[in-house]
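Colleague: Here you go, this is coords.txt (compact mmCIF, C-alpha atoms).
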```txt
# COMPACT_ATOMS: atom_id res chain seq x y z
CA MET A 202 -16.05 -27.26 -18.48
CA ASP A 203 -16.31 -25.25 -21.66
CA ARG A 204 -14.06 -22.50 -22.94
CA ALA A 205 -16.65 -19.87 -22.08
CA THR A 206 -15.96 -20.54 -18.42
CA ALA A 207 -12.22 -20.37 -19.02
CA SER A 208 -12.51 -16.95 -20.59
CA ALA A 209 -14.07 -15.62 -17.39
CA SER A 210 -10.56 -15.38 -15.90
CA SER A 211 -8.13 -12.89 -17.39
CA PHE A 212 -4.42 -13.65 -17.48
CA PRO A 213 -3.58 -11.06 -14.78
CA GLU A 214 -6.31 -12.55 -12.60
CA LEU A 215 -4.71 -15.97 -13.05
CA TRP A 216 -1.35 -14.52 -11.93
CA ARG A 217 -2.87 -13.00 -8.82
CA ALA A 218 -4.88 -16.08 -7.90
CA PHE A 219 -1.97 -18.51 -8.16
CA LEU A 220 0.45 -16.14 -6.43
CA ARG A 221 -1.99 -16.12 -3.52
CA ILE A 222 -2.28 -19.91 -3.63
CA GLY A 223 1.51 -20.29 -3.79
CA LEU A 224 1.96 -18.12 -0.70
CA LEU A 225 -0.79 -19.86 1.29
CA SER A 226 -0.36 -23.49 0.24
CA PHE A 227 0.65 -24.94 3.60
CA GLY A 228 -0.57 -28.24 4.97
CA GLY A 229 0.63 -30.73 2.38
CA PRO A 230 -1.30 -31.96 -0.66
CA ALA A 231 -4.62 -32.31 1.19
CA GLY A 232 -4.52 -28.69 2.33
CA GLN A 233 -3.28 -27.45 -1.07
CA ILE A 234 -5.98 -29.31 -3.00
CA ALA A 235 -8.63 -27.96 -0.61
CA LEU A 236 -7.25 -24.41 -0.95
CA MET A 237 -7.37 -24.53 -4.77
CA HIS A 238 -10.88 -25.95 -4.65
CA ARG A 239 -12.07 -23.11 -2.45
CA GLU A 240 -10.28 -20.40 -4.46
CA LEU A 241 -10.95 -21.62 -8.00
CA VAL A 242 -14.10 -23.74 -7.83
CA ASP A 243 -16.16 -22.31 -4.96
CA GLU A 244 -15.21 -18.61 -4.96
CA ARG A 245 -14.23 -17.82 -8.55
CA GLY A 246 -16.09 -20.56 -10.44
CA TRP A 247 -13.30 -20.87 -13.01
CA ILE A 248 -13.41 -24.70 -12.93
CA SER A 249 -16.43 -26.92 -12.41
CA GLU A 250 -16.56 -29.43 -9.57
CA ASP A 251 -16.69 -32.38 -11.97
CA ASP A 252 -13.74 -31.16 -14.03
CA TYR A 253 -11.70 -30.46 -10.90
CA LEU A 254 -12.18 -33.97 -9.49
CA HIS A 255 -11.81 -35.51 -12.94
CA ALA A 256 -8.38 -33.93 -13.41
CA LEU A 257 -7.33 -34.70 -9.84
CA ASN A 258 -7.96 -38.42 -10.37
CA VAL A 259 -5.71 -38.41 -13.44
CA CYS A 260 -3.01 -36.37 -11.64
CA HIS A 261 -2.89 -39.10 -8.99
CA LEU A 262 -1.83 -41.51 -11.74
CA LEU A 263 1.18 -39.37 -12.67
CA PRO A 264 4.53 -39.30 -10.89
CA GLY A 265 5.26 -36.14 -8.96
CA PRO A 266 3.28 -33.84 -6.63
CA GLU A 267 -0.37 -34.13 -7.60
CA ALA A 268 -1.35 -30.72 -6.18
CA GLN A 269 1.27 -28.88 -8.26
CA GLN A 270 0.26 -30.84 -11.35
CA LEU A 271 -3.39 -30.06 -10.73
CA ALA A 272 -2.49 -26.36 -10.50
CA THR A 273 -0.61 -26.65 -13.81
CA TRP A 274 -3.59 -28.37 -15.45
CA ILE A 275 -5.98 -25.67 -14.23
CA GLY A 276 -3.73 -22.97 -15.66
CA TRP A 277 -3.50 -24.89 -18.95
CA ARG A 278 -7.27 -25.34 -19.08
CA LEU A 279 -7.85 -21.63 -18.55
CA HIS A 280 -5.07 -20.07 -20.67
CA GLY A 281 -3.21 -22.81 -22.52
CA TRP A 282 0.49 -23.46 -22.00
CA ARG A 283 1.08 -19.88 -20.73
CA GLY A 284 -1.47 -20.39 -17.98
CA GLY A 285 -0.08 -23.82 -17.10
CA LEU A 286 3.44 -22.46 -16.84
CA VAL A 287 2.40 -19.53 -14.66
CA ALA A 288 0.18 -21.61 -12.37
CA GLY A 289 2.74 -24.39 -11.94
CA LEU A 290 5.65 -22.02 -11.28
CA LEU A 291 3.79 -19.78 -8.85
CA PHE A 292 2.72 -22.87 -6.93
CA VAL A 293 6.40 -23.78 -6.41
CA ILE A 294 8.50 -20.59 -6.33
CA PRO A 295 7.46 -19.06 -2.96
CA GLY A 296 8.15 -22.25 -1.01
CA SER A 297 11.30 -22.89 -3.02
CA LEU A 298 12.79 -19.54 -2.03
CA VAL A 299 11.89 -20.01 1.63
CA ILE A 300 13.31 -23.52 1.90
CA LEU A 301 16.47 -22.38 0.09
CA ALA A 302 17.01 -19.69 2.73
CA LEU A 303 16.34 -22.22 5.51
CA SER A 304 18.74 -24.71 3.90
CA ILE A 305 21.52 -22.09 3.88
CA LEU A 306 20.85 -21.31 7.54
CA TYR A 307 20.80 -25.02 8.38
CA ALA A 308 24.12 -25.71 6.64
CA MET A 309 25.85 -22.78 8.31
CA ALA A 310 24.40 -23.28 11.80
CA ALA A 311 24.02 -27.06 12.02
CA ASN A 312 26.97 -27.39 14.39
CA LEU A 313 25.62 -24.83 16.86
CA ALA A 314 24.15 -26.28 20.04
CA TRP A 315 21.01 -24.11 19.99
CA PHE A 316 20.25 -25.00 16.39
CA SER A 317 20.65 -28.73 17.04
CA ALA A 318 18.39 -28.41 20.08
CA ILE A 319 15.64 -26.77 18.01
CA PHE A 320 15.80 -29.55 15.45
CA LEU A 321 15.57 -32.17 18.17
CA GLY A 322 12.01 -30.87 18.66
CA VAL A 323 11.38 -30.52 14.93
CA LYS A 324 12.24 -34.19 14.33
CA ALA A 325 9.94 -35.28 17.15
CA ALA A 326 7.10 -33.23 15.65
CA VAL A 327 7.75 -34.66 12.20
CA LEU A 328 7.38 -38.15 13.63
CA ALA A 329 3.89 -37.28 14.89
CA ILE A 330 3.01 -35.65 11.56
CA VAL A 331 4.09 -38.72 9.60
CA VAL A 332 2.07 -41.00 11.88
CA GLN A 333 -0.95 -38.75 11.30
CA ALA A 334 -0.41 -38.93 7.53
CA LEU A 335 -0.20 -42.73 7.73
CA LEU A 336 -3.44 -43.07 9.67
CA ARG A 337 -5.34 -40.61 7.47
CA ILE A 338 -4.30 -42.24 4.21
CA ALA A 339 -4.85 -45.75 5.58
CA GLY A 340 -8.34 -44.80 6.73
CA ARG A 341 -9.27 -43.58 3.26
CA ALA A 342 -7.38 -46.05 1.09
CA LEU A 343 -7.60 -49.46 2.78
CA ASP A 344 -11.31 -50.13 2.49
CA THR A 345 -11.01 -53.71 1.15
CA ARG A 346 -9.04 -56.80 2.18
CA PHE A 347 -7.18 -56.77 -1.14
CA LYS A 348 -5.97 -53.21 -0.55
CA GLN A 349 -4.91 -54.08 2.99
CA GLY A 350 -2.92 -57.00 1.59
CA LEU A 351 -1.20 -54.74 -0.92
CA ALA A 352 -0.24 -52.29 1.84
CA ALA A 353 1.14 -55.07 4.06
CA ALA A 354 3.09 -56.56 1.14
CA ALA A 355 4.58 -53.16 0.29
CA PHE A 356 5.70 -52.64 3.89
CA VAL A 357 7.35 -56.05 4.12
CA ALA A 358 8.97 -55.63 0.70
CA LEU A 359 10.56 -52.32 1.73
CA PHE A 360 11.27 -52.66 5.45
CA VAL A 361 12.25 -56.33 5.61
CA LEU A 362 13.24 -57.38 2.08
CA ASP A 363 14.77 -54.01 1.05
CA LEU A 364 13.30 -54.20 -2.46
CA PRO A 365 13.57 -51.12 -4.73
CA PHE A 366 10.86 -48.51 -4.27
CA PRO A 367 10.09 -48.18 -8.02
CA LEU A 368 9.49 -51.92 -8.20
CA ILE A 369 6.88 -51.68 -5.43
CA VAL A 370 4.98 -48.83 -7.10
CA LEU A 371 5.05 -50.27 -10.60
CA GLY A 372 4.20 -53.76 -9.33
CA ALA A 373 1.17 -52.49 -7.43
CA GLY A 374 -0.08 -50.58 -10.47
CA ALA A 375 0.41 -53.61 -12.70
CA ALA A 376 -1.52 -55.78 -10.22
CA GLY A 377 -4.39 -53.32 -9.94
CA MET A 378 -5.14 -53.01 -13.66
CA PRO A 379 -6.30 -56.60 -14.34
CA VAL A 380 -8.06 -56.77 -10.96
CA ALA A 381 -10.09 -53.69 -11.94
CA SER A 382 -11.40 -55.56 -14.99
CA THR A 383 -12.12 -58.90 -13.31
CA ARG A 384 -12.87 -58.10 -9.65
CA PRO A 385 -13.49 -54.34 -9.31
CA ASP A 386 -15.04 -54.90 -5.86
CA TRP A 387 -11.56 -55.86 -4.55
CA LEU A 388 -10.52 -52.26 -5.25
CA ALA A 389 -13.86 -50.72 -4.25
CA LEU A 390 -14.39 -49.43 -7.79
CA LYS A 391 -17.91 -48.37 -8.57
CA PRO A 392 -19.32 -49.40 -11.95
CA GLY A 393 -20.11 -46.53 -14.24
CA ALA A 394 -20.36 -45.74 -17.89
CA ALA A 395 -17.27 -44.16 -19.40
CA SER A 396 -17.88 -40.98 -21.32
CA ALA A 397 -17.36 -41.29 -25.03
CA PRO A 398 -14.20 -39.58 -26.31
CA VAL A 399 -14.85 -36.63 -28.57
CA GLY A 400 -12.67 -35.29 -31.37
CA PRO A 401 -9.42 -36.57 -32.85
CA ARG A 402 -6.69 -38.03 -30.69
CA PRO A 403 -4.23 -35.24 -29.74
CA TRP A 404 -1.05 -37.09 -30.66
CA SER A 405 0.73 -34.12 -32.23
CA SER A 406 0.27 -31.95 -29.14
CA THR A 407 1.54 -34.71 -26.88
CA ILE A 408 4.61 -35.45 -29.02
CA GLN A 409 5.45 -31.75 -29.22
CA SER A 410 5.16 -31.34 -25.45
CA VAL A 411 7.34 -34.38 -24.75
CA ALA A 412 10.02 -33.13 -27.16
CA ILE A 413 10.09 -29.56 -25.81
CA TRP A 414 10.01 -30.44 -22.14
CA GLY A 415 12.40 -33.35 -22.62
CA VAL A 416 14.97 -30.84 -23.92
CA ILE A 417 14.20 -28.42 -21.06
CA TRP A 418 14.55 -31.25 -18.53
CA GLY A 419 17.85 -32.51 -19.96
CA THR A 420 19.65 -29.24 -20.79
CA PRO A 421 21.15 -28.60 -17.30
CA MET A 422 22.39 -32.19 -17.18
CA ALA A 423 24.09 -31.75 -20.55
CA LEU A 424 25.79 -28.58 -19.27
CA VAL A 425 27.00 -30.36 -16.13
CA ALA A 426 28.36 -33.28 -18.16
CA ALA A 427 30.13 -30.94 -20.60
CA THR A 428 31.70 -28.66 -17.98
CA LEU A 429 32.19 -30.75 -14.82
CA GLY A 430 31.93 -34.35 -16.03
CA ILE A 431 29.76 -37.23 -14.95
CA ASP A 432 31.87 -37.91 -11.86
CA HIS A 433 30.92 -34.59 -10.25
CA VAL A 434 28.41 -34.44 -7.39
CA LEU A 435 26.11 -32.20 -9.45
CA TRP A 436 25.78 -34.96 -12.04
CA ASP A 437 24.91 -37.46 -9.30
CA ILE A 438 22.35 -35.02 -7.89
CA GLY A 439 20.72 -34.36 -11.26
CA ALA A 440 20.68 -38.02 -12.28
CA PHE A 441 19.27 -39.22 -8.96
CA PHE A 442 16.49 -36.64 -8.72
CA SER A 443 15.62 -37.09 -12.40
CA GLN A 444 15.09 -40.77 -11.65
CA LEU A 445 13.11 -39.86 -8.55
CA ALA A 446 10.85 -37.59 -10.63
CA VAL A 447 9.77 -40.61 -12.66
CA VAL A 448 8.82 -42.80 -9.68
CA THR A 449 7.38 -40.33 -7.14
CA PHE A 450 3.89 -41.82 -7.06
CA GLY A 451 2.02 -41.15 -3.85
CA GLY A 452 3.59 -37.83 -2.87
CA ALA A 453 6.54 -36.80 -0.74
CA TYR A 454 5.80 -39.05 2.24
CA ALA A 455 5.73 -42.12 0.03
CA VAL A 456 9.04 -41.42 -1.73
CA LEU A 457 10.91 -40.05 1.28
CA ALA A 458 12.01 -43.45 2.59
CA TYR A 459 13.49 -44.37 -0.79
CA MET A 460 15.18 -40.98 -1.10
CA ALA A 461 16.50 -41.17 2.45
CA GLN A 462 17.99 -44.62 1.94
CA GLU A 463 19.84 -43.49 -1.19
CA ALA A 464 20.89 -40.05 0.10
CA VAL A 465 22.08 -41.44 3.45
CA GLN A 466 23.27 -44.97 2.73
CA GLY A 467 23.94 -44.86 -1.00
CA PHE A 468 25.56 -41.46 -1.62
CA GLY A 469 26.43 -40.42 1.95
CA TRP A 470 25.08 -36.90 1.37
CA LEU A 471 23.18 -36.67 4.70
CA GLN A 472 23.09 -38.21 8.15
CA PRO A 473 19.90 -40.14 9.05
CA GLY A 474 18.52 -37.46 11.38
CA GLU A 475 19.08 -34.74 8.79
CA MET A 476 16.40 -36.19 6.54
CA ALA A 477 13.86 -35.63 9.31
CA ASP A 478 15.19 -32.09 9.66
CA GLY A 479 14.63 -31.54 5.95
CA LEU A 480 11.05 -32.73 6.11
CA GLY A 481 10.52 -30.44 9.09
CA LEU A 482 11.71 -27.51 6.98
CA ALA A 483 9.45 -28.54 4.12
CA GLU A 484 6.49 -28.79 6.51
CA THR A 485 6.98 -25.16 7.56
CA THR A 486 7.04 -23.73 4.03
CA PRO A 487 4.31 -23.30 1.41
CA GLY A 488 4.33 -25.46 -1.69
CA PRO A 489 4.74 -29.20 -2.31
CA LEU A 490 6.38 -31.29 0.41
CA ILE A 491 8.58 -32.79 -2.31
CA MET A 492 10.55 -29.52 -1.98
CA VAL A 493 12.49 -31.45 0.67
CA THR A 494 14.53 -32.64 -2.33
CA GLN A 495 15.95 -29.12 -2.63
CA PHE A 496 17.26 -29.36 0.93
CA VAL A 497 19.00 -32.63 0.08
CA GLY A 498 20.46 -31.25 -3.16
CA PHE A 499 21.76 -28.14 -1.39
CA LEU A 500 23.54 -30.08 1.37
CA ALA A 501 24.96 -32.65 -1.05
CA ALA A 502 26.64 -29.96 -3.17
CA TYR A 503 27.52 -27.75 -0.18
CA ARG A 504 29.56 -30.58 1.34
CA ALA A 505 31.42 -31.41 -1.90
CA PRO A 506 31.81 -27.94 -3.42
CA GLU A 507 34.88 -28.21 -5.64
CA PRO A 508 35.56 -26.22 -7.84
CA PHE A 509 33.07 -23.76 -6.28
CA THR A 510 32.71 -22.24 -2.85
CA PRO A 511 30.33 -24.16 -0.57
CA ILE A 512 27.53 -21.58 -0.88
CA ILE A 513 27.77 -21.36 -4.68
CA ALA A 514 27.88 -25.16 -4.94
CA GLY A 515 24.88 -25.43 -2.62
CA LEU A 516 22.90 -22.93 -4.70
CA LEU A 517 23.74 -24.85 -7.87
CA GLY A 518 22.76 -28.14 -6.23
CA ALA A 519 19.46 -26.72 -4.98
CA GLY A 520 18.68 -25.13 -8.34
CA LEU A 521 19.49 -28.29 -10.29
CA THR A 522 17.44 -30.42 -7.91
CA THR A 523 14.42 -28.15 -8.22
CA TRP A 524 14.78 -28.05 -12.01
CA VAL A 525 14.91 -31.82 -12.54
CA THR A 526 12.16 -32.36 -9.94
CA PHE A 527 9.58 -30.03 -11.49
CA ALA A 528 10.45 -29.87 -15.21
CA PRO A 529 9.08 -33.45 -15.55
CA CYS A 530 5.83 -32.32 -13.87
CA PHE A 531 5.25 -29.83 -16.67
CA LEU A 532 6.13 -32.53 -19.22
CA TRP A 533 3.57 -34.95 -17.76
CA ILE A 534 0.78 -32.38 -17.60
CA PHE A 535 1.30 -30.71 -20.99
CA ALA A 536 1.59 -34.15 -22.62
CA VAL A 537 -1.41 -35.69 -20.81
CA ALA A 538 -3.71 -32.65 -20.44
CA PRO A 539 -5.30 -33.04 -23.91
CA TRP A 540 -6.08 -36.67 -23.01
CA ILE A 541 -7.59 -36.11 -19.56
CA ASP A 542 -11.18 -36.19 -20.78
CA ARG A 543 -10.45 -39.55 -22.42
CA LEU A 544 -8.45 -41.08 -19.56
CA GLY A 545 -10.46 -40.03 -16.54
CA ASN A 546 -13.02 -42.83 -16.81
CA THR A 547 -10.74 -45.69 -17.90
CA VAL A 548 -11.48 -48.60 -15.57
CA ARG A 549 -8.03 -50.22 -15.78
CA LEU A 550 -6.26 -46.95 -15.02
CA LYS A 551 -8.56 -46.38 -12.06
CA GLY A 552 -7.62 -49.84 -10.83
CA GLY A 553 -3.92 -49.11 -11.18
CA LEU A 554 -4.36 -45.89 -9.22
CA ALA A 555 -6.32 -47.59 -6.44
CA ALA A 556 -3.67 -50.31 -6.11
CA VAL A 557 -0.80 -47.79 -6.07
CA THR A 558 -2.61 -45.76 -3.41
CA ALA A 559 -2.98 -48.88 -1.26
CA ALA A 560 0.69 -49.79 -1.68
CA VAL A 561 1.64 -46.23 -0.75
CA VAL A 562 0.18 -46.86 2.71
CA GLY A 563 2.76 -49.61 3.16
CA VAL A 564 5.45 -47.28 1.87
CA ILE A 565 4.49 -44.62 4.41
CA ALA A 566 4.43 -47.26 7.16
CA ASN A 567 8.00 -48.11 6.20
CA LEU A 568 8.91 -44.42 6.41
CA THR A 569 7.24 -44.14 9.82
CA ALA A 570 9.20 -47.09 11.21
CA TRP A 571 12.44 -45.72 9.77
CA PHE A 572 11.81 -42.29 11.29
CA LEU A 573 10.86 -43.76 14.65
CA LEU A 574 14.14 -45.64 14.92
CA HIS A 575 16.34 -42.74 13.82
CA VAL A 576 14.59 -40.10 15.92
CA LEU A 577 14.57 -42.10 19.14
CA PHE A 578 18.01 -43.73 18.77
CA SER A 579 21.21 -42.00 17.73
CA THR A 580 22.75 -45.30 16.65
CA VAL A 581 20.83 -47.80 14.52
CA GLY A 582 22.65 -50.80 13.10
CA GLU A 583 21.66 -52.89 10.11
CA SER A 584 22.23 -56.60 9.58
CA ARG A 585 21.34 -59.24 7.00
CA VAL A 586 19.88 -62.69 7.50
CA GLY A 587 19.64 -64.20 4.06
CA PRO A 588 17.30 -61.94 2.03
CA LEU A 589 16.06 -60.18 5.16
CA ARG A 590 17.28 -56.76 6.30
CA LEU A 591 17.06 -56.19 10.07
CA TYR A 592 17.43 -52.88 11.92
CA THR A 593 19.09 -53.17 15.35
CA PRO A 594 18.94 -50.00 17.48
CA ASP A 595 21.57 -49.47 20.18
CA TRP A 596 19.47 -49.16 23.33
CA ALA A 597 22.23 -47.20 25.06
CA SER A 598 21.71 -44.46 22.46
CA PHE A 599 18.01 -44.00 23.31
CA ASP A 600 17.16 -40.27 23.46
CA TRP A 601 14.54 -39.75 26.17
CA ARG A 602 14.23 -36.07 25.22
CA ALA A 603 13.17 -36.98 21.68
CA ALA A 604 10.72 -39.55 23.05
CA LEU A 605 9.20 -37.00 25.44
CA LEU A 606 8.84 -34.40 22.69
CA ALA A 607 7.37 -37.00 20.32
CA VAL A 608 4.71 -37.88 22.91
CA LEU A 609 3.95 -34.18 23.37
CA ALA A 610 3.66 -33.71 19.59
CA CYS A 611 1.31 -36.69 19.30
CA LEU A 612 -0.90 -35.29 22.06
CA LEU A 613 -1.08 -31.95 20.27
CA VAL A 614 -1.71 -33.52 16.84
CA PHE A 615 -4.23 -36.20 17.84
CA GLY A 616 -5.67 -34.87 21.09
CA ALA A 617 -5.72 -31.10 20.73
CA LYS A 618 -5.84 -31.32 16.91
CA TRP A 619 -3.41 -28.45 16.51
CA SER A 620 -2.18 -27.32 13.11
CA ILE A 621 1.19 -28.49 11.79
CA MET A 622 2.74 -25.04 12.22
CA ARG A 623 1.71 -24.75 15.88
CA VAL A 624 2.93 -28.26 16.69
CA LEU A 625 6.28 -27.61 15.01
CA ALA A 626 6.68 -24.32 16.89
CA VAL A 627 5.92 -25.84 20.31
CA ALA A 628 8.09 -28.90 19.70
CA ALA A 629 10.98 -26.73 18.48
CA LEU A 630 10.69 -24.56 21.60
CA GLY A 631 10.58 -27.68 23.77
CA GLY A 632 13.67 -29.03 22.04
CA LEU A 633 15.49 -25.75 22.65
CA VAL A 634 14.59 -25.77 26.35
CA LEU A 635 15.57 -29.40 26.90
CA GLY A 636 18.65 -29.22 24.70
CA MET A 637 20.08 -26.12 26.35
CA ALA A 638 19.07 -27.03 29.92
CA ILE A 639 20.56 -30.55 29.89
```
Would you give me this structure, written as structure tokens?

Modeller:
Amino acid sequence: MDRATASASSFPELWRAFLRIGLLSFGGPAGQIALMHRELVDERGWISEDDYLHALNVCHLLPGPEAQQLATWIGWRLHGWRGGLVAGLLFVIPGSLVILALSILYAMAANLAWFSAIFLGVKAAVLAIVVQALLRIAGRALDTRFKQGLAAAAFVALFVLDLPFPLIVLGAGAAGMPVASTRPDWLALKPGAASAPVGPRPWSSTIQSVAIWGVIWGTPMALVAATLGIDHVLWDIGAFFSQLAVVTFGGAYAVLAYMAQEAVQGFGWLQPGEMADGLGLAETTPGPLIMVTQFVGFLAAYRAPEPFTPIIAGLLGAGLTTWVTFAPCFLWIFAVAPWIDRLGNTVRLKGGLAAVTAAVVGVIANLTAWFLLHVLFSTVGESRVGPLRLYTPDWASFDWRAALLAVLACLLVFGAKWSIMRVLAVAALGGLVLGMAI
């Protein structure tokens, strides 16, 4: 795309377009990417088809929500850093405000019987939604035996061997790069001529972006350390989600299992079923699904509020979580955007992306199994046999209501092909009826 096309959109038009996208961006990354394509490529013609797909491929290589980063890149391409900032923020803010309000309601009403009954249905619906995500991604990504092997290895490494999530993602990317050069057919890479880079290398712009956004990213953490100390829960929240921002390849579904294990088992911030509740909230709001991190940050601070009140602590925890989750996204895009035309056709990077995408299928399979156990059983034990980690559900704690609602949700998702919002609404109503009647 040339700058003549970019000038076709005025800055106020950019505001209005991305405010609309931010309010309507339901349906996860697939729906969000499709919405932006329709609004910005098909209807307004601000970005060409080739440039849109070119940038999307590179965004998949970056940690963080690819749809939000694509929005930021489009804004940058049209109006420089001002456009990138506006587009990226408007993509996030509407959903952030909604999930914050829902998190407050959840924290204050979680002990009420009717509220727990509703979330019995929400968790069952989320299980069906995660299974659907697994099957969709597997159908697209696992088109070679090598990719299927990577997915199976990632599942075993996480579910059985309990290896760190970042190790799985980085290992898959490292394996895919040399394979792309020697056996591209293993990754279903099509041969093609790379476009020749034009102009000088934009090192100064990249260094400047990294420096500025590194300071923006780290400033709240410095304030927490100076005022509350590194033993405070807000420091733990900021440090954990800053780390998560660096390794969130593959979207929210892929990283959720890792986040859940740390938030539940490592820090003790949430109970196992509450993570499914959080994803249910994120599914009902516009914006990236990774906004589920805000729910976790709110509850973590709400439950350890000193020296603040619970609500003030929760607001600080949610705000800090959102800051350290999305400030890195702007860093990645503003640092990489000038290089996108050079990087988009690099064979080794394409191979790394393809391998990571395949491994993410195994990661989501691990998440699906984890959800299945914790939705259907109220008590799930964990034991070790040498290097192996084994989950042992207590069969006496089997929840037939959750199982019934999960079957209903699957029928609506796969049979009737209902939208996520309709399935969540019906499952929540079913949970309320069963929970209050029995």

Colleague: My list of candidates is A:Ala389, A:Ile438, A:Ile222, A:Val361. Which is closest to A:Ala288 when distances are computed with only C-alpha atoms?

Modeller: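 The shortest atom-to-atom distance to A:Ala288 comes from A:Ile222.
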
Colleague: A:Leu321, A:Ala538, A:Ala604, A:Ala559: which is nearest A:Ile369, counting only C-alpha atoms?

Modeller: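 Answer, going by the shortest atom-to-atom distance: A:Ala559.
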
Colleague: Would you compute the distance between atom CA of A:Ile512 and atom CA of A:Val456? Give it in Å to one decimal.

Modeller: 27.1 Å

Colleague: Which residues are close to A:Ala464, i.e. within 10 Å by only C-alpha atoms, leaving aside same-chain residues fewer than 5 positions away? Reply as a list in words.

Modeller: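 Residues meeting the cut-off are Ile438, Phe441, Ala458, Tyr459, Gly469, Trp470, Leu471, Gln472, Pro473, Met476, Val497, Gly498 and Ala501 of chain A.
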
Colleague: Between A:Leu262, A:Leu257, A:Leu480, A:Leu236, which is the closest to A:Lys551 once you count all atoms listed in the file?

Modeller: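 The shortest atom-to-atom distance to A:Lys551 comes from A:Leu262.
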
Colleague: What's the separation between atom CA of A:Gly289 and atom CA of A:Pro529, in Å to one decimal place?

Modeller: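 Separating atom CA of A:Gly289 from atom CA of A:Pro529 is a distance of 11.6 Å.
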
Colleague: Could you check how far atom CA of A:Ile338 sits from atom CA of A:Val562, in Å to one decimal?

Modeller: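 Computed distance, atom CA of A:Ile338 to atom CA of A:Val562, equals 6.6 Å.
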
Colleague: Can you list, as a list in words, every protein, DNA or RNA residue that comes within 7 Å of A:Ala560 when you count all atoms listed in the file, leaving out same-chain residues fewer than 6 positions away?

Modeller: Leu351, Ala352, Ala355, Val370 and Ala373 of chain A

Colleague: Using only C-alpha atoms, please write the residues we just selected to a file, as a tab-separated table (two decimals), keeping the file's coordinate frame.

Modeller:
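Output below, filename result31.tsv:
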```tsv
chain	number	residue	atom	x	y	z
A	351	LEU	CA	-1.20	-54.74	-0.92
A	352	ALA	CA	-0.24	-52.29	1.84
A	355	ALA	CA	4.58	-53.16	0.29
A	370	VAL	CA	4.98	-48.83	-7.10
A	373	ALA	CA	1.17	-52.49	-7.43
```

Colleague: List the neighbours of stretch 272-287 of chain A out to 8 Å using all atoms listed in the file; skip same-chain residues closer than 5 positions along the sequence, and give me the result as a ChimeraX atom specification.

Modeller: /A:204,207-208,210,212,215-216,219,237,247-248,256,292,531,534-535,538

Colleague: With all atoms listed in the file as the atoms that count, which of A:Leu290, A:Ala218, A:Ile413, A:Ile305 lies nearest to A:Leu482?

Modeller: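 Answer, going by the shortest atom-to-atom distance: A:Ile305.
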
Colleague: Quick one: of A:Ala318, A:Gln233, A:Ser382, A:Cys530, who's nearest to A:Gly415, counting all atoms listed in the file?

Modeller: A:Cys530

Colleague: Find the residues near A:Ile234: any atom within 12 Å, counting all atoms listed in the file, skip ones fewer than 5 places away on the same chain, and give them as a ChimeraX atom specification.

Modeller: /A:222-223,225-229,239-242,253-254,256-258,260-261,266-272,275,292,488-489

Colleague: Starting from 3 Å padding per side, set up an axis-aligned box that covers all listed atoms of stretch 373-391 of chain A and hand over centre and edge lengths in Å, one decimal, as AutoDock Vina command-line options.

Modeller:
```
--center_x -8.4 --center_y -53.6 --center_z -9.6 --size_x 25.1 --size_y 16.5 --size_z 16.7
```

Colleague: Which of these, A:Phe496, A:Phe366, A:Phe599, A:Phe360, has the shortest distance to A:Val448 once you count all atoms listed in the file?

Modeller: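 The closest residue to A:Val448 is A:Phe366.
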
Colleague: Excluding A:Ala607 and residues on its chain fewer than 5 positions from it, collect all residues at most 10 Å away from it, counting all atoms listed in the file, and give them as a list in words.

Modeller: Leu321, Gly322, Val323, Lys324, Ala325, Ala326, Val327, Leu328, Ala329, Ile330, Leu573, Val576, Leu577, Trp601, Arg602, Leu612, Leu613 and Ala628 of chain A

Colleague: Working from the structure I just supplied, which lacks atoms in stretch 487-494 of chain A, can you model N, CA and C atoms there and output them as an mmCIF file, keeping the file's coordinate frame?

Modeller:
```cif
data_model
loop_
_atom_site.group_PDB
_atom_site.id
_atom_site.type_symbol
_atom_site.label_atom_id
_atom_site.label_comp_id
_atom_site.auth_asym_id
_atom_site.auth_seq_id
_atom_site.Cartn_x
_atom_site.Cartn_y
_atom_site.Cartn_z
ATOM 1 N N PRO A 487 5.379 -23.020 2.376
ATOM 2 C CA PRO A 487 4.310 -23.300 1.410
ATOM 3 C C PRO A 487 4.838 -24.123 0.248
ATOM 4 N N GLY A 488 3.924 -24.689 -0.525
ATOM 5 C CA GLY A 488 4.330 -25.460 -1.690
ATOM 6 C C GLY A 488 4.396 -26.949 -1.418
ATOM 7 N N PRO A 489 4.728 -27.741 -2.440
ATOM 8 C CA PRO A 489 4.740 -29.200 -2.310
ATOM 9 C C PRO A 489 5.776 -29.676 -1.292
ATOM 10 N N LEU A 490 5.434 -30.719 -0.543
ATOM 11 C CA LEU A 490 6.380 -31.290 0.410
ATOM 12 C C LEU A 490 7.595 -31.906 -0.293
ATOM 13 N N ILE A 491 7.454 -32.218 -1.575
ATOM 14 C CA ILE A 491 8.580 -32.790 -2.310
ATOM 15 C C ILE A 491 9.716 -31.778 -2.425
ATOM 16 N N MET A 492 9.476 -30.511 -2.005
ATOM 17 C CA MET A 492 10.550 -29.520 -1.980
ATOM 18 C C MET A 492 11.654 -29.924 -1.013
ATOM 19 N N VAL A 493 11.416 -30.930 -0.182
ATOM 20 C CA VAL A 493 12.490 -31.450 0.670
ATOM 21 C C VAL A 493 13.674 -31.917 -0.182
ATOM 22 N N THR A 494 13.428 -32.259 -1.440
ATOM 23 C CA THR A 494 14.530 -32.640 -2.330
ATOM 24 C C THR A 494 15.526 -31.503 -2.493
#
```
